[in-house]
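What follows is the content of structure-v1.cif, which has mmCIF, C-alpha atoms and all ligand atoms:
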```cif
data_final
#
loop_
_atom_site.label_atom_id
_atom_site.label_comp_id
_atom_site.auth_asym_id
_atom_site.auth_seq_id
_atom_site.Cartn_x
_atom_site.Cartn_y
_atom_site.Cartn_z
CA MET A 1 -13.71 -16.15 16.43
CA SER A 2 -11.98 -18.39 18.98
CA GLU A 3 -8.63 -17.17 17.64
CA ALA A 4 -9.46 -13.66 18.87
CA ALA A 5 -9.17 -14.93 22.44
CA THR A 6 -5.73 -16.49 21.88
CA ASP A 7 -2.95 -14.96 23.94
CA TYR A 8 -0.20 -14.11 21.47
CA HIS A 9 2.14 -12.51 24.03
CA PRO A 10 4.55 -15.48 24.08
CA MET A 11 4.84 -15.26 20.26
CA TRP A 12 5.32 -11.49 20.33
CA GLY A 13 7.88 -11.90 23.10
CA SER A 14 9.81 -14.46 21.07
CA LEU A 15 9.90 -12.00 18.15
CA GLY A 16 11.51 -9.45 20.46
CA LEU A 17 8.64 -6.96 20.64
CA ASP A 18 8.51 -4.41 23.45
CA LEU A 19 5.40 -5.97 24.98
CA PRO A 20 4.05 -3.02 27.05
CA ALA A 21 4.54 -0.63 24.11
CA HIS A 22 2.99 -3.13 21.72
CA ASP A 23 -0.01 -3.56 24.04
CA ALA A 24 -0.50 0.20 23.98
CA LEU A 25 -0.43 0.21 20.16
CA LEU A 26 -2.86 -2.69 19.98
CA ALA A 27 -5.22 -0.87 22.30
CA ALA A 28 -5.21 2.21 20.05
CA ILE A 29 -5.83 0.62 16.65
CA PRO A 30 -9.31 -0.84 17.35
CA VAL A 31 -10.44 2.57 18.58
CA MET A 32 -9.24 4.21 15.34
CA TYR A 33 -10.80 1.41 13.29
CA ALA A 34 -14.14 1.58 15.06
CA ASP A 35 -14.25 5.34 14.62
CA ALA A 36 -13.48 5.22 10.90
CA TYR A 37 -15.18 1.99 9.88
CA LEU A 38 -17.78 0.55 12.14
CA GLY A 39 -20.18 3.49 12.07
CA GLN A 40 -20.61 3.25 8.29
CA THR A 41 -24.08 2.40 7.03
CA GLY A 42 -24.81 0.12 4.10
CA ARG A 43 -21.48 -1.72 4.28
CA PRO A 44 -21.16 -4.84 2.12
CA GLU A 45 -21.52 -7.91 4.32
CA GLY A 46 -18.29 -9.33 2.90
CA MET A 47 -16.33 -6.59 4.65
CA SER A 48 -16.69 -8.65 7.82
CA TYR A 49 -13.67 -10.57 6.47
CA PHE A 50 -11.59 -7.42 6.62
CA ASP A 51 -12.92 -6.61 10.11
CA PHE A 52 -11.61 -10.02 11.15
CA VAL A 53 -8.27 -9.53 9.37
CA LEU A 54 -7.82 -6.20 11.13
CA SER A 55 -8.70 -7.71 14.50
CA GLU A 56 -6.03 -10.40 13.93
CA ILE A 57 -3.46 -8.38 12.04
CA HIS A 58 -0.84 -8.81 14.77
CA GLY A 59 -2.21 -12.19 15.87
CA LEU A 60 -3.32 -14.94 13.54
CA ARG A 61 -1.50 -13.54 10.48
CA ILE A 62 1.77 -13.30 12.40
CA LYS A 63 1.31 -16.85 13.63
CA GLU A 64 0.91 -17.94 10.01
CA LEU A 65 4.16 -16.18 9.12
CA VAL A 66 5.99 -17.70 12.08
CA ASP A 67 4.69 -21.15 11.09
CA HIS A 68 5.82 -20.49 7.52
CA LYS A 69 9.33 -19.74 8.78
CA THR A 70 9.32 -22.84 10.98
CA ALA A 71 8.45 -24.88 7.88
CA GLY A 72 11.53 -23.50 6.10
CA GLY A 73 10.08 -20.44 4.36
CA THR A 74 11.16 -16.83 4.68
CA VAL A 75 9.45 -13.52 5.41
CA ILE A 76 10.64 -10.59 3.30
CA GLY A 77 9.68 -6.99 4.10
CA SER A 78 9.41 -4.10 1.68
CA PHE A 79 8.47 -0.44 1.67
CA CYS A 80 7.64 0.04 -1.96
CA LEU A 81 5.63 -1.22 -4.94
CA TYR A 82 8.80 -1.65 -6.99
CA VAL A 83 9.91 -4.70 -5.01
CA PRO A 84 8.70 -7.70 -7.08
CA GLU A 85 6.50 -9.94 -4.97
CA GLU A 86 6.55 -12.70 -7.63
CA ILE A 87 10.26 -13.31 -7.13
CA ILE A 88 9.97 -13.33 -3.34
CA ARG A 89 7.15 -15.90 -3.50
CA ALA A 90 8.90 -18.05 -6.09
CA LEU A 91 11.78 -18.39 -3.62
CA GLY A 92 9.55 -19.50 -0.75
CA GLY A 93 9.06 -16.06 0.76
CA GLN A 94 6.00 -14.30 2.09
CA CYS A 95 6.13 -10.62 1.20
CA VAL A 96 4.95 -8.11 3.83
CA GLY A 97 4.57 -4.34 3.56
CA LEU A 98 6.38 -2.47 6.32
CA CYS A 99 5.13 1.08 5.69
CA ALA A 100 3.38 2.33 8.79
CA GLY A 101 0.49 4.74 9.06
CA ALA A 102 0.60 6.04 12.64
CA GLU A 103 2.90 8.27 14.66
CA TRP A 104 5.00 6.13 16.96
CA ALA A 105 8.16 6.72 18.99
CA TYR A 106 8.72 10.05 17.22
CA GLY A 107 10.91 11.20 20.12
CA GLU A 108 13.39 8.42 19.35
CA VAL A 109 12.99 8.87 15.60
CA GLU A 110 13.79 12.58 15.74
CA ARG A 111 17.07 11.81 17.45
CA ILE A 112 18.26 10.20 14.20
CA LEU A 113 16.08 11.73 11.46
CA PRO A 114 15.29 15.38 10.84
CA GLN A 115 11.92 16.53 12.16
CA ASN A 116 10.97 17.54 8.61
CA THR A 117 11.00 13.95 7.29
CA CYS A 118 7.75 12.61 5.82
CA ALA A 119 5.40 10.77 8.20
CA LEU A 120 5.70 7.52 6.26
CA ILE A 121 9.43 7.27 6.90
CA LYS A 122 9.24 8.54 10.47
CA SER A 123 6.46 6.17 11.32
CA ALA A 124 8.15 3.09 9.81
CA MET A 125 11.34 3.99 11.65
CA GLY A 126 9.34 4.57 14.86
CA PHE A 127 7.74 1.13 14.62
CA LYS A 128 11.17 -0.42 14.19
CA LEU A 129 12.93 1.55 16.92
CA GLY A 130 9.97 1.09 19.26
CA LYS A 131 9.86 -2.68 18.54
CA VAL A 132 6.08 -2.69 18.05
CA CYS A 133 5.75 -4.19 14.56
CA PRO A 134 5.73 -8.01 14.50
CA TYR A 135 5.97 -7.94 10.68
CA ALA A 136 9.25 -6.03 10.85
CA GLU A 137 10.57 -8.32 13.58
CA ALA A 138 9.58 -11.48 11.65
CA CYS A 139 11.55 -10.48 8.55
CA ASP A 140 14.53 -12.51 7.36
CA LEU A 141 15.37 -9.66 5.02
CA VAL A 142 14.07 -6.19 4.23
CA VAL A 143 14.31 -4.99 0.65
CA GLY A 144 14.71 -1.22 0.26
CA GLU A 145 14.93 0.80 -2.93
CA THR A 146 16.43 4.10 -4.04
CA THR A 147 13.22 6.02 -4.61
CA CYS A 148 13.07 9.31 -2.70
CA ASP A 149 16.06 10.76 -0.86
CA GLY A 150 14.35 10.33 2.51
CA LYS A 151 13.92 6.57 2.15
CA LYS A 152 17.30 6.13 0.51
CA LYS A 153 19.13 7.74 3.42
CA ALA A 154 16.88 6.27 6.11
CA TYR A 155 17.82 2.80 4.82
CA GLU A 156 21.43 3.47 5.84
CA LEU A 157 20.19 3.82 9.42
CA LEU A 158 17.72 0.97 9.14
CA ALA A 159 20.57 -1.31 8.04
CA GLU A 160 21.94 -0.96 11.58
CA LEU A 161 18.76 -2.59 12.88
CA THR A 162 17.82 -5.27 10.35
CA PRO A 163 19.27 -7.29 7.44
CA LEU A 164 18.70 -5.04 4.43
CA HIS A 165 19.18 -5.23 0.68
CA VAL A 166 18.71 -2.04 -1.35
CA MET A 167 17.69 -2.16 -5.01
CA GLU A 168 18.89 0.70 -7.15
CA LEU A 169 15.85 2.06 -8.90
CA PRO A 170 16.52 4.29 -11.91
CA GLN A 171 14.72 7.62 -11.95
CA MET A 172 14.05 7.70 -15.70
CA LYS A 173 12.58 5.11 -18.05
CA ARG A 174 15.01 5.02 -20.99
CA ALA A 175 16.56 1.82 -22.45
CA GLU A 176 19.67 2.22 -20.29
CA ASP A 177 17.50 2.65 -17.19
CA ARG A 178 15.64 -0.52 -18.03
CA ALA A 179 18.95 -2.37 -18.37
CA LEU A 180 19.98 -1.14 -14.92
CA TRP A 181 16.66 -2.24 -13.43
CA ARG A 182 16.91 -5.67 -15.10
CA ALA A 183 20.36 -6.10 -13.54
CA GLU A 184 18.98 -5.03 -10.15
CA ILE A 185 16.33 -7.72 -10.42
CA GLU A 186 19.09 -10.29 -11.02
CA ARG A 187 20.93 -8.92 -7.98
CA LEU A 188 17.76 -9.28 -5.88
CA ILE A 189 17.37 -12.89 -7.04
CA ALA A 190 20.94 -13.67 -5.99
CA LYS A 191 20.30 -12.16 -2.54
CA LEU A 192 17.01 -13.97 -2.07
CA GLU A 193 18.57 -17.26 -3.20
CA GLU A 194 21.23 -16.79 -0.55
CA VAL A 195 18.71 -15.97 2.20
CA SER A 196 16.25 -18.73 1.25
CA ARG A 197 18.87 -21.32 0.27
CA ARG A 198 16.78 -22.10 -2.81
CA LYS A 199 17.26 -21.69 -6.53
CA LEU A 200 14.78 -19.76 -8.65
CA THR A 201 13.00 -22.09 -11.08
CA THR A 202 10.84 -21.40 -14.10
CA GLU A 203 7.95 -23.40 -12.63
CA ALA A 204 7.99 -21.59 -9.30
CA LEU A 205 8.20 -18.17 -10.95
CA ALA A 206 5.37 -18.98 -13.37
CA ALA A 207 3.17 -20.09 -10.48
CA ALA A 208 4.01 -17.05 -8.34
CA THR A 209 3.41 -14.70 -11.26
CA ARG A 210 -0.03 -16.20 -11.81
CA GLU A 211 -0.90 -15.96 -8.10
CA VAL A 212 0.14 -12.33 -7.76
CA ASN A 213 -1.58 -11.43 -11.03
CA ASP A 214 -4.74 -13.15 -9.72
CA LYS A 215 -4.57 -10.91 -6.66
CA ARG A 216 -4.29 -7.85 -8.91
CA ARG A 217 -7.11 -9.10 -11.17
CA ALA A 218 -9.35 -9.54 -8.11
CA LEU A 219 -8.66 -5.96 -7.05
CA GLN A 220 -9.22 -4.69 -10.59
CA ARG A 221 -12.64 -6.33 -10.61
CA LEU A 222 -13.55 -4.98 -7.17
CA ASN A 223 -12.53 -1.48 -8.14
CA ALA A 224 -14.31 -1.63 -11.50
CA ALA A 225 -17.58 -2.00 -9.57
CA ARG A 226 -16.97 1.47 -8.14
CA LYS A 227 -17.62 3.02 -11.55
CA ALA A 228 -21.32 2.51 -10.83
CA SER A 229 -23.41 5.29 -9.41
CA PRO A 230 -24.05 4.92 -6.56
CA SER A 231 -20.79 3.18 -5.76
CA PRO A 232 -21.51 -0.18 -4.08
CA ILE A 233 -18.67 0.27 -1.57
CA SER A 234 -17.24 3.18 0.38
CA GLY A 235 -13.80 4.52 -0.43
CA LYS A 236 -12.67 3.63 3.07
CA ASP A 237 -13.60 -0.02 2.57
CA ALA A 238 -12.01 -0.17 -0.89
CA LEU A 239 -8.84 1.41 0.53
CA LEU A 240 -8.77 -1.18 3.32
CA ALA A 241 -8.89 -4.00 0.77
CA VAL A 242 -5.73 -2.71 -0.93
CA GLN A 243 -4.00 -2.03 2.39
CA VAL A 244 -4.64 -5.62 3.49
CA ALA A 245 -3.30 -6.92 0.15
CA PHE A 246 0.19 -6.03 1.41
CA TYR A 247 -0.06 -8.48 4.34
CA ASP A 248 -2.59 -11.19 3.74
CA ASP A 249 -2.08 -14.70 2.42
CA VAL A 250 -2.28 -14.22 -1.35
CA PRO A 251 -4.65 -17.02 -2.50
CA ARG A 252 -6.99 -16.48 0.47
CA PHE A 253 -7.09 -12.75 -0.15
CA THR A 254 -7.88 -13.29 -3.83
CA THR A 255 -10.76 -15.62 -2.98
CA MET A 256 -12.22 -13.26 -0.38
CA VAL A 257 -12.00 -10.22 -2.65
CA GLY A 258 -13.76 -12.26 -5.34
CA LYS A 259 -16.60 -13.03 -2.94
CA ILE A 260 -16.96 -9.40 -1.92
CA THR A 261 -17.01 -8.37 -5.57
CA ASP A 262 -19.81 -10.85 -6.30
CA GLU A 263 -21.77 -9.00 -3.64
CA LEU A 264 -20.80 -5.59 -5.04
CA GLU A 265 -21.84 -6.55 -8.56
CA ALA A 266 -25.22 -7.74 -7.24
CA ARG A 267 -25.61 -4.40 -5.50
CA VAL A 268 -24.80 -2.55 -8.70
CA ALA A 269 -27.36 -4.63 -10.60
CA ALA A 270 -29.94 -3.72 -7.95
CA GLY A 271 -28.96 -0.03 -8.05
CA GLU A 272 -27.83 -0.14 -4.42
CA GLY A 273 -24.82 1.61 -2.99
CA VAL A 274 -23.32 3.78 -0.28
CA GLY A 275 -23.62 7.48 0.41
CA ALA A 276 -26.58 9.82 0.23
CA PRO A 277 -28.33 10.16 -3.17
CA GLY A 278 -26.24 12.46 -5.36
CA ALA A 279 -23.24 12.39 -2.98
CA PRO A 280 -20.20 13.92 -4.73
CA ARG A 281 -17.81 11.37 -6.22
CA ILE A 282 -14.15 11.96 -5.43
CA LEU A 283 -10.85 10.63 -6.76
CA VAL A 284 -7.93 10.74 -4.31
CA THR A 285 -4.38 10.89 -5.65
CA GLY A 286 -0.99 11.28 -4.02
CA THR A 287 1.19 9.55 -1.43
CA PRO A 288 0.41 6.04 -0.11
CA MET A 289 -1.82 5.41 2.92
CA ALA A 290 -0.56 2.60 5.15
CA ILE A 291 -2.65 0.98 7.91
CA PRO A 292 -3.95 2.62 10.15
CA ASN A 293 -3.91 5.80 8.07
CA TRP A 294 -7.56 6.25 7.11
CA LYS A 295 -7.54 9.96 7.93
CA MET A 296 -8.19 11.56 4.54
CA HIS A 297 -10.86 9.11 3.37
CA ASP A 298 -12.56 9.43 6.74
CA VAL A 299 -12.64 13.22 6.53
CA ILE A 300 -13.98 13.14 2.94
CA GLU A 301 -16.66 10.53 3.57
CA LYS A 302 -17.78 12.01 6.89
CA ALA A 303 -18.22 15.30 4.99
CA GLY A 304 -20.78 13.53 2.76
CA ALA A 305 -18.81 12.54 -0.37
CA VAL A 306 -17.85 9.07 -1.57
CA VAL A 307 -14.30 8.27 -2.68
CA VAL A 308 -14.69 6.17 -5.83
CA MET A 309 -11.04 5.75 -6.89
CA GLU A 310 -7.53 6.08 -5.50
CA GLU A 311 -4.59 6.87 -7.77
CA LEU A 312 -2.20 5.81 -5.02
CA CYS A 313 0.28 3.05 -4.30
CA THR A 314 -2.46 1.84 -1.95
CA GLY A 315 -4.81 2.06 -4.94
CA SER A 316 -4.62 1.78 -8.71
CA ARG A 317 -0.83 1.89 -8.88
CA TYR A 318 -0.82 -1.39 -6.93
CA TYR A 319 -3.21 -3.45 -9.06
CA SER A 320 -3.75 -1.81 -12.45
CA LYS A 321 -0.93 -3.48 -14.37
CA LEU A 322 -0.19 -7.20 -14.71
CA VAL A 323 3.00 -9.11 -15.43
CA ASP A 324 2.86 -10.67 -18.91
CA GLU A 325 2.32 -14.40 -18.31
CA THR A 326 3.13 -15.55 -21.84
CA PRO A 327 6.96 -16.00 -21.66
CA ALA A 328 7.84 -19.65 -20.98
CA ASP A 329 11.54 -19.30 -20.15
CA LEU A 330 13.13 -17.71 -17.09
CA ALA A 331 14.80 -14.85 -18.97
CA GLY A 332 11.54 -13.92 -20.68
CA MET A 333 9.66 -14.03 -17.37
CA LEU A 334 12.23 -11.75 -15.76
CA ASP A 335 11.96 -9.36 -18.72
CA ALA A 336 8.21 -9.26 -18.18
CA ILE A 337 8.69 -8.55 -14.46
CA THR A 338 11.25 -5.85 -15.27
CA ASP A 339 8.84 -4.13 -17.64
CA LYS A 340 5.81 -4.34 -15.38
CA TYR A 341 7.57 -2.85 -12.38
CA LEU A 342 9.32 -0.13 -14.33
CA ASP A 343 5.91 0.87 -15.63
CA ILE A 344 4.73 2.04 -12.18
CA ASN A 345 4.34 5.80 -12.17
CA CYS A 346 5.92 7.06 -8.96
CA ALA A 347 6.73 10.74 -8.52
CA CYS A 348 10.33 9.71 -7.83
CA PHE A 349 10.65 9.39 -11.64
CA THR A 350 11.26 12.27 -14.00
CA PRO A 351 9.37 13.06 -16.08
CA ASN A 352 6.32 11.30 -14.67
CA SER A 353 3.65 12.54 -17.06
CA ALA A 354 2.05 9.06 -17.33
CA ARG A 355 0.85 9.48 -13.74
CA ILE A 356 -0.82 12.78 -14.57
CA ASP A 357 -2.47 11.12 -17.59
CA ASP A 358 -3.69 8.30 -15.33
CA VAL A 359 -5.23 10.74 -12.85
CA ILE A 360 -7.24 12.49 -15.56
CA ARG A 361 -8.21 9.23 -17.31
CA LEU A 362 -9.40 7.68 -14.03
CA ALA A 363 -11.26 10.85 -13.07
CA ARG A 364 -13.23 10.58 -16.32
CA GLU A 365 -13.74 6.80 -16.19
CA TYR A 366 -15.09 7.01 -12.66
CA LYS A 367 -17.13 10.15 -13.44
CA VAL A 368 -15.79 12.06 -10.47
CA ASP A 369 -17.00 15.47 -9.38
CA GLY A 370 -13.61 16.43 -7.97
CA ILE A 371 -10.05 15.37 -7.30
CA ILE A 372 -8.43 15.58 -3.87
CA GLN A 373 -4.66 15.55 -3.91
CA TYR A 374 -3.39 14.10 -0.70
CA ASP A 375 0.31 14.48 -0.06
CA LEU A 376 2.38 13.95 3.05
CA GLN A 377 4.26 17.01 4.21
CA PHE A 378 7.98 16.93 3.41
CA CYS A 379 7.43 14.54 0.49
CA GLY A 380 9.25 16.56 -2.16
CA PRO A 381 8.43 14.35 -5.17
CA TYR A 382 4.65 14.30 -4.68
CA GLN A 383 4.29 17.79 -3.28
CA ILE A 384 6.14 19.26 -6.25
CA GLU A 385 4.32 17.07 -8.76
CA ALA A 386 1.06 18.32 -7.21
CA THR A 387 1.49 21.51 -9.24
CA LEU A 388 1.37 19.48 -12.47
CA VAL A 389 -1.63 17.45 -11.29
CA THR A 390 -3.46 20.65 -10.38
CA ARG A 391 -2.76 22.19 -13.78
CA ALA A 392 -3.87 19.08 -15.65
CA ALA A 393 -7.08 18.87 -13.61
CA GLN A 394 -7.84 22.52 -14.24
CA ASP A 395 -7.17 22.09 -17.96
CA ALA A 396 -9.56 19.13 -17.97
CA GLY A 397 -12.19 21.21 -16.14
CA ILE A 398 -12.14 18.99 -13.03
CA PRO A 399 -12.24 20.76 -9.64
CA VAL A 400 -9.22 19.94 -7.52
CA LEU A 401 -8.33 20.44 -3.87
CA ARG A 402 -4.81 20.10 -2.58
CA ILE A 403 -4.16 18.77 0.93
CA ASP A 404 -0.71 18.55 2.52
CA THR A 405 -0.84 16.80 5.87
CA ASP A 406 0.72 14.18 8.15
CA TYR A 407 -0.51 11.42 10.47
CA SER A 408 -1.42 13.66 13.38
CA PRO A 409 -5.12 14.09 14.19
CA GLY A 410 -4.40 17.73 15.05
CA ASP A 411 -5.52 19.16 11.70
CA ILE A 412 -8.66 17.07 11.19
CA GLY A 413 -10.96 19.98 12.07
CA GLN A 414 -9.22 22.24 9.60
CA LEU A 415 -9.18 19.55 6.88
CA SER A 416 -12.89 18.91 7.40
CA THR A 417 -13.64 22.60 6.94
CA ARG A 418 -11.63 22.72 3.71
CA VAL A 419 -13.18 19.53 2.33
CA GLU A 420 -16.70 20.68 3.22
CA ALA A 421 -16.09 23.99 1.42
CA PHE A 422 -14.76 22.10 -1.61
CA LEU A 423 -17.79 19.80 -1.69
CA GLU A 424 -20.11 22.77 -1.42
CA MET A 425 -18.35 24.41 -4.34
CA ILE A 426 -18.61 21.35 -6.58
CA GLY A 427 -22.09 20.31 -5.35
S1 LIG B 501 6.27 3.63 -5.69
S2 LIG B 501 5.05 6.36 -3.76
S3 LIG B 501 5.62 3.13 -2.35
S4 LIG B 501 8.37 5.26 -3.35
S5 LIG B 501 5.77 9.79 0.96
S6 LIG B 501 8.68 7.86 1.59
S7 LIG B 501 8.05 9.17 -1.72
S8 LIG B 501 8.98 11.32 0.98
S9 LIG B 501 6.27 6.23 -0.39
FE1 LIG B 501 6.38 5.31 -2.35
FE2 LIG B 501 7.33 3.32 -3.78
FE3 LIG B 501 6.83 5.66 -4.90
FE4 LIG B 501 4.84 4.14 -4.14
FE5 LIG B 501 9.44 9.30 0.07
FE6 LIG B 501 7.27 10.76 -0.37
FE7 LIG B 501 7.73 9.81 2.03
FE8 LIG B 501 7.08 8.16 0.02
#
```

Mind converting the file's structure to structure tokens?
Amino acid sequence: MSEAATDYHPMWGSLGLDLPAHDALLAAIPVMYADAYLGQTGRPEGMSYFDFVLSEIHGLRIKELVDHKTAGGTVIGSFCLYVPEEIIRALGGQCVGLCAGAEWAYGEVERILPQNTCALIKSAMGFKLGKVCPYAEACDLVVGETTCDGKKKAYELLAELTPLHVMELPQMKRAEDRALWRAEIERLIAKLEEVSRRKLTTEALAAATREVNDKRRALQRLNAARKASPSPISGKDALLAVQVAFYDDVPRFTTMVGKITDELEARVAAGEGVGAPGAPRILVTGTPMAIPNWKMHDVIEKAGAVVVMEELCTGSRYYSKLVDETPADLAGMLDAITDKYLDINCACFTPNSARIDDVIRLAREYKVDGIIQYDLQFCGPYQIEATLVTRAAQDAGIPVLRIDTDYSPGDIGQLSTRVEAFLEMIG
């Protein structure tokens, strides 16, 4: 743990961070983490890796990224699952997620964005305006995408602060939409080739595709262990694993998740797990949860349930589908990437019935006692789609609770009361 004592201020200063503000943020996160994570009982020992990652998330990992840049690589930021990590890696880039999960610099943010913008956008903009995110400041390029209106328009303002490339994402999944998306992938390659001063090769793309698929396969295996009753890992810990997947070194992350899963599978074989005997099993679905947003899982698990699956972009939507590795030529590989990414079921698409089908299928596979729909306020796509999720759950006979919230701790008492009442009803 000698790295924990390293003073990273010179590095943060060279990235242009606002050091006093950043110190204040770094003082707050361990308190939130300790409150949500460190009081858990029966945690898998392997989660100590994630404790370490969290303790060094603005330290050692940023140093690795800075060293990568010094060695001629690039750092590419994104806000969305649709941005293909394989292509970024094949062109010598490290891909980092820039979505933020805490309220920051909202005063400044609300001078340029309406107050009724979702917390995910406000927070990411606050981290950028407040100069407290070393990932954002380390980026050679940020890749945006035309998903929801909020992000789409916020990117116009973000472009004043950082080099930005926006991919046009279709909102339907017909043949002509796929053709548009395939062309957008070519446009992204051209941009990344310019930024990296490299040329995309078949060999590099094949290797990157395998690596990113391996990361997804590792997460699939970890999450499959949660089908057991009792679940061998808390929802909070499983959520953290996916959150960290957006930042960590890919091969190291894959190895560490594999080790944790060995431990989880041994627990399952021994009938060991987390939560009280008979604790209700919950599936959470809705808008993504970026670090340090552990609010909903914390409320649910402190109320006595165990979250056993997330149908979220920080959950199954991130790892459940793989890129086909069989094509041997560049065009075939890019077709496979096009298809895999277009197959993500985000509420920005219409219709998006495959997501509703996934929610019900996962609820059955993981034998849940209830579904909690977690949506950020002012997120039109997910909040409106919540009506369809609710109907489908009711038709399937699965109890469902709908929560619309933000990043503020102000409603935690009220959320706890609602979740406790829900658990009592399904218990
Ligand atoms: S693929 S969910 S990561 S767009 S919560 S900013 S939708 S108003 S984050 Fe997302 Fe990609 Fe879709 Fe996933 Fe807009 Fe809603 Fe805010 Fe959202």

* **Contacts to ligand LIG 501 (chain B) at 9 Å cut-off (all atoms listed in the file) as a ChimeraX atom specification** => /A:79-83,99,117-122,145-152,286-289,312-314,317-318,344-349,375-383

* Could you jot down the CA of Val359 in chain A to CA of Met309 in chain A separation for me, Å, one decimal place? => 9.7 Å

* **Spatial neighbours of Gly73 in chain A, 9 Å, all atoms listed in the file, chain gap at least 6 places, as number ranges by chain** => A: 65, 67, 91-94, 196

Just-selected residues, C-alpha atoms written as a compact mmCIF listing (two decimals), in the frame of the given file:
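Output file again05.txt follows:
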```txt
# COMPACT_ATOMS: atom_id res chain seq x y z
CA LEU A 65 4.16 -16.18 9.12
CA ASP A 67 4.69 -21.15 11.09
CA LEU A 91 11.78 -18.39 -3.62
CA GLY A 92 9.55 -19.50 -0.75
CA GLY A 93 9.06 -16.06 0.76
CA GLN A 94 6.00 -14.30 2.09
CA SER A 196 16.25 -18.73 1.25
```

* To do: Show which residues sit within 10 Å of range 51-54 of chain A, as a ChimeraX atom specification. Count only C-alpha atoms, and ignore same-chain residues fewer than 2 positions away.
  => /A:1,4,29-30,33-34,37-38,46-49,56-61,240,244,247-248,291-292

* Asked: At what distance in Å, to one decimal, does CA of Pro280 in chain A lie from CA of Asp369 in chain A?
  ->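 Result for CA of Asp369 in chain A versus CA of Pro280 in chain A: 5.9 Å, one decimal.
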
* Might you pull out every residue within 7 Å of range 9-16 of chain A, with all atoms listed in the file counted and same-chain residues fewer than 6 positions away left off, and present them as a count of residues only? => 3

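Nearest to Leu129 in chain A of all the residues A:Val250, A:Ala21, A:Ala179, A:Ile62 is A:Ala21, based on all atoms listed in the file.
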
Closest-contact table, range 328-397 of chain A side, partner range 210-213 of chain A, 12 Å, counting all atoms listed in the file, as a Markdown table:
```
| residue | atom | partner | partner_atom | distance |
| --- | --- | --- | --- | --- |
| A:Met333 | CA | A:Arg210 | CA | 11.4 |
| A:Ile337 | CA | A:Asn213 | CA | 11.2 |
| A:Lys340 | CA | A:Asn213 | CA | 11.1 |
```

Could you rebuild range 401-413 of chain A with N, CA and C atoms and give it back as a PDB file, keeping the file's coordinate frame?
```pdb
ATOM      1  N   LEU A 401      -8.713  19.880  -5.172  1.00  0.00           N
ATOM      2  CA  LEU A 401      -8.330  20.440  -3.870  1.00  0.00           C
ATOM      3  C   LEU A 401      -7.026  19.791  -3.454  1.00  0.00           C
ATOM      4  N   ARG A 402      -6.115  20.612  -2.986  1.00  0.00           N
ATOM      5  CA  ARG A 402      -4.810  20.100  -2.580  1.00  0.00           C
ATOM      6  C   ARG A 402      -4.691  20.075  -1.058  1.00  0.00           C
ATOM      7  N   ILE A 403      -4.328  18.924  -0.528  1.00  0.00           N
ATOM      8  CA  ILE A 403      -4.160  18.770   0.930  1.00  0.00           C
ATOM      9  C   ILE A 403      -2.735  18.291   1.199  1.00  0.00           C
ATOM     10  N   ASP A 404      -2.027  18.998   2.056  1.00  0.00           N
ATOM     11  CA  ASP A 404      -0.710  18.550   2.520  1.00  0.00           C
ATOM     12  C   ASP A 404      -0.849  18.321   4.026  1.00  0.00           C
ATOM     13  N   THR A 405      -0.573  17.092   4.457  1.00  0.00           N
ATOM     14  CA  THR A 405      -0.840  16.800   5.870  1.00  0.00           C
ATOM     15  C   THR A 405       0.147  15.759   6.388  1.00  0.00           C
ATOM     16  N   ASP A 406      -0.132  15.232   7.578  1.00  0.00           N
ATOM     17  CA  ASP A 406       0.720  14.180   8.150  1.00  0.00           C
ATOM     18  C   ASP A 406      -0.196  13.183   8.861  1.00  0.00           C
ATOM     19  N   TYR A 407       0.331  12.423   9.810  1.00  0.00           N
ATOM     20  CA  TYR A 407      -0.510  11.420  10.470  1.00  0.00           C
ATOM     21  C   TYR A 407      -1.201  11.954  11.737  1.00  0.00           C
ATOM     22  N   SER A 408      -0.867  13.163  12.121  1.00  0.00           N
ATOM     23  CA  SER A 408      -1.420  13.660  13.380  1.00  0.00           C
ATOM     24  C   SER A 408      -2.912  13.982  13.220  1.00  0.00           C
ATOM     25  N   PRO A 409      -3.696  13.730  14.281  1.00  0.00           N
ATOM     26  CA  PRO A 409      -5.120  14.090  14.190  1.00  0.00           C
ATOM     27  C   PRO A 409      -5.354  15.590  14.380  1.00  0.00           C
ATOM     28  N   GLY A 410      -4.272  16.323  14.675  1.00  0.00           N
ATOM     29  CA  GLY A 410      -4.400  17.730  15.050  1.00  0.00           C
ATOM     30  C   GLY A 410      -5.061  18.617  14.009  1.00  0.00           C
ATOM     31  N   ASP A 411      -4.951  18.271  12.718  1.00  0.00           N
ATOM     32  CA  ASP A 411      -5.520  19.160  11.700  1.00  0.00           C
ATOM     33  C   ASP A 411      -6.842  18.653  11.124  1.00  0.00           C
ATOM     34  N   ILE A 412      -7.442  17.654  11.772  1.00  0.00           N
ATOM     35  CA  ILE A 412      -8.660  17.070  11.190  1.00  0.00           C
ATOM     36  C   ILE A 412      -9.786  18.104  11.087  1.00  0.00           C
ATOM     37  N   GLY A 413      -9.913  18.952  12.112  1.00  0.00           N
ATOM     38  CA  GLY A 413     -10.960  19.980  12.070  1.00  0.00           C
ATOM     39  C   GLY A 413     -10.763  20.912  10.879  1.00  0.00           C
TER      40      GLY A 413
END
```
